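**Q** Quick one, run26.cif (mmCIF, C-alpha atoms):
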data_upload
loop_
_atom_site.label_atom_id
_atom_site.label_comp_id
_atom_site.auth_asym_id
_atom_site.auth_seq_id
_atom_site.Cartn_x
_atom_site.Cartn_y
_atom_site.Cartn_z
CA MET A 1 -7.33 71.26 27.66
CA ARG A 2 -6.33 74.75 26.55
CA ILE A 3 -6.78 77.59 29.08
CA LEU A 4 -6.39 81.30 28.34
CA ILE A 5 -5.52 83.61 31.24
CA VAL A 6 -6.23 87.30 30.57
CA ASP A 7 -4.78 89.88 32.96
CA ASP A 8 -2.68 93.00 32.52
CA THR A 9 -0.32 91.92 35.31
CA THR A 10 2.22 89.18 34.57
CA THR A 11 2.37 88.21 38.24
CA ALA A 12 -1.41 87.71 38.36
CA ARG A 13 -1.31 85.55 35.21
CA LEU A 14 1.45 83.37 36.66
CA PHE A 15 -0.38 83.08 40.00
CA ALA A 16 -3.57 82.00 38.22
CA GLN A 17 -1.67 79.46 36.13
CA LYS A 18 -0.02 78.01 39.24
CA CYS A 19 -3.40 77.76 41.03
CA LEU A 20 -4.96 76.04 38.03
CA ALA A 21 -2.07 73.57 37.80
CA ASN A 22 -2.30 72.90 41.54
CA ILE A 23 -5.99 71.97 41.40
CA GLY A 24 -5.47 69.46 38.60
CA PHE A 25 -4.94 71.29 35.32
CA HIS A 26 -1.22 70.38 35.26
CA ASP A 27 -1.46 68.94 31.74
CA ALA A 28 -3.29 71.96 30.34
CA GLU A 29 -1.84 74.13 27.62
CA PHE A 30 -1.79 77.65 29.05
CA MET A 31 -2.02 80.78 26.91
CA GLN A 32 -1.74 84.32 28.23
CA ALA A 33 -2.96 87.74 27.14
CA GLY A 34 -2.51 91.17 28.71
CA HIS A 35 -5.91 92.63 27.73
CA GLY A 36 -9.12 91.85 25.87
CA ILE A 37 -7.92 92.84 22.39
CA GLU A 38 -4.93 90.51 22.62
CA ALA A 39 -7.15 87.78 24.07
CA LEU A 40 -9.68 87.99 21.21
CA ALA A 41 -6.87 87.66 18.65
CA LYS A 42 -5.53 84.57 20.41
CA ILE A 43 -9.01 83.06 20.78
CA ARG A 44 -9.83 83.53 17.10
CA ALA A 45 -6.53 81.91 16.11
CA CYS A 46 -6.73 79.02 18.59
CA PRO A 47 -9.90 78.81 20.71
CA PRO A 48 -9.34 77.72 24.31
CA ASP A 49 -11.57 75.39 26.31
CA LEU A 50 -11.69 77.79 29.26
CA ILE A 51 -10.91 81.47 29.91
CA LEU A 52 -9.97 83.15 33.17
CA SER A 53 -10.14 86.93 32.78
CA ASP A 54 -9.46 89.95 34.93
CA LEU A 55 -12.08 92.68 34.84
CA MET A 56 -10.01 95.87 35.00
CA MET A 57 -7.46 96.03 32.16
CA PRO A 58 -6.19 98.67 29.73
CA GLU A 59 -7.14 98.77 26.03
CA MET A 60 -10.16 96.48 26.54
CA ASP A 61 -11.58 95.64 29.94
CA GLY A 62 -12.99 92.28 30.95
CA GLU A 63 -16.63 93.32 30.66
CA THR A 64 -16.21 94.54 27.06
CA PHE A 65 -14.18 91.42 26.28
CA LEU A 66 -16.96 89.20 27.69
CA LYS A 67 -19.65 91.09 25.74
CA ILE A 68 -17.78 90.70 22.42
CA LEU A 69 -16.93 87.05 23.07
CA LYS A 70 -20.51 86.11 23.94
CA ALA A 71 -21.81 87.93 20.82
CA GLU A 72 -19.75 85.75 18.46
CA PRO A 73 -21.57 82.48 17.70
CA ALA A 74 -18.34 80.51 17.18
CA LEU A 75 -16.96 81.66 20.56
CA GLN A 76 -19.99 82.23 22.79
CA ASP A 77 -19.92 78.79 24.41
CA ILE A 78 -16.38 79.12 25.79
CA PRO A 79 -16.71 79.35 29.60
CA VAL A 80 -15.30 82.57 31.07
CA LEU A 81 -14.44 82.91 34.76
CA ILE A 82 -14.06 86.56 35.75
CA VAL A 83 -11.69 87.54 38.57
CA SER A 84 -11.71 91.05 39.95
CA SER A 85 -10.58 93.14 42.87
CA ALA A 86 -13.68 95.29 42.36
CA GLY A 87 -16.14 93.66 44.76
CA ASN A 88 -19.49 95.03 43.64
CA PRO A 89 -22.35 92.49 44.07
CA ALA A 90 -24.59 94.30 41.55
CA HIS A 91 -21.83 94.24 38.95
CA ARG A 92 -21.31 90.52 39.62
CA GLU A 93 -24.96 89.88 38.73
CA ILE A 94 -24.57 91.86 35.50
CA LEU A 95 -21.50 89.79 34.52
CA LEU A 96 -23.33 86.54 35.27
CA ALA A 97 -26.29 87.71 33.17
CA MET A 98 -23.85 88.48 30.33
CA GLY A 99 -22.69 84.87 30.37
CA ALA A 100 -19.78 84.69 32.83
CA LEU A 101 -19.36 81.26 34.38
CA ASP A 102 -18.74 82.92 37.74
CA VAL A 103 -17.05 85.97 39.27
CA LEU A 104 -14.36 85.49 41.92
CA PRO A 105 -12.78 88.22 44.03
CA LYS A 106 -9.06 88.91 43.76
CA PRO A 107 -7.04 87.58 45.32
CA PHE A 108 -8.74 84.21 45.05
CA SER A 109 -7.68 81.04 46.82
CA THR A 110 -6.90 77.69 45.27
CA THR A 111 -9.95 76.28 47.07
CA GLU A 112 -12.26 78.96 45.64
CA ILE A 113 -11.11 78.39 42.07
CA TYR A 114 -11.33 74.63 42.52
CA GLU A 115 -14.96 74.88 43.64
CA VAL A 116 -15.86 76.81 40.48
CA LEU A 117 -13.83 74.73 38.02
CA LYS A 118 -13.94 71.17 39.42
CA GLY A 119 -16.54 70.20 36.81
CA PHE A 120 -13.95 70.81 34.07
CA LEU A 121 -11.48 68.32 35.55
CA THR A 122 -11.38 64.71 34.39
CA GLU A 123 -11.42 61.99 37.06
CA GLU A 124 -7.69 61.50 36.58
CA GLU A 125 -6.95 65.22 36.97
CA ASP A 126 -9.14 65.40 40.07
CA ALA A 127 -7.47 62.37 41.70
CA ASP A 128 -5.18 64.54 43.81
CA GLY A 129 -7.88 64.81 46.47
CA TRP A 130 -9.01 68.44 46.07
CA GLY A 131 -12.49 68.88 47.44
CA ASP A 132 -12.57 65.54 49.30
#
Render the structure in this file as structure tokens.
**A**
Amino acid sequence: MRILIVDDTTTARLFAQKCLANIGFHDAEFMQAGHGIEALAKIRACPPDLILSDLMMPEMDGETFLKILKAEPALQDIPVLIVSSAGNPAHREILLAMGALDVLPKPFSTTEIYEVLKGFLTEEEDADGWGD
């Protein structure tokens, strides 16, 4: 599985990668991007199976990135999990309506991200007991 993590903060990208590895994605190929423009270039070159994206980023924010991604037929089916420190319930509903898989608050816990993404894990990856 190939996972793209999009966040303007290196520390946040590394934290997300560690959480994903801890819940069972240890064999995943991780890619990183610092904003939506960089992410779209990487996706077009090598589409991931899953995207985890911050909402507030320079150059292209997560909402614009999601809108462009979901408008491209070849890319629109890639699941996108949005993470954001902006906790606005109305905005969450807008992002879900735009096609986001889910919206998690930052900082998120390993348990929270597992609950959203457990369906993407194979039985072998999920054998570590998360969610039991």
**Q** Out of A:Phe25, A:Phe120, A:Phe15, A:Phe30, which residue has the shortest atom-to-atom distance to A:Pro107 when counting only C-alpha atoms?
**A** A:Phe15
**Q** I'd like the residues picked by the PyMOL selection byres ((chain A and resi 52-68) around 10) written out as a VMD selection string, using the chain letters and numbers from the file.
**A** chain A and resid 3 to 9 12 to 13 16 to 17 20 32 to 40 50 to 51 69 to 72 75 to 76 79 to 86 91 94 to 95 98 to 106
**Q** Mind giving me the straight-line distance from atom CA of A:Met1 to atom CA of A:Asp49 in Å, one decimal?
**A**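 If I compute the distance from atom CA of A:Met1 to atom CA of A:Asp49, I get 6.1 Å.
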**Q** Could you please determine the separation between atom CA of A:Arg44 and atom CA of A:Met31 in Å, to one decimal place?
**A**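 Between these atoms lies a distance of 12.8 Å.
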**Q** To one decimal in Å, tell me the separation between atom CA of A:Glu115 and atom CA of A:Ala45.
**A**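 Atom CA of A:Ala45 lies 29.6 Å from atom CA of A:Glu115.
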**Q** Pick the closest to A:Leu117 from A:Pro47, A:Pro89, A:Ala74, A:Cys19: which is it, counting all atoms listed in the file?
**A**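 Among A:Pro47, A:Pro89, A:Ala74, A:Cys19, it is A:Cys19 that comes nearest to A:Leu117.
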**Q** Could you work out an axis-aligned bounding box for all listed atoms of stretch 19-23 of chain A, with 6 Å added on each of the six sides, and give its centre and edge lengths in Å to one decimal, as JSON?
**A**
{"center_x": -4.0, "center_y": 74.9, "center_z": 39.7, "size_x": 15.9, "size_y": 17.8, "size_z": 15.7}
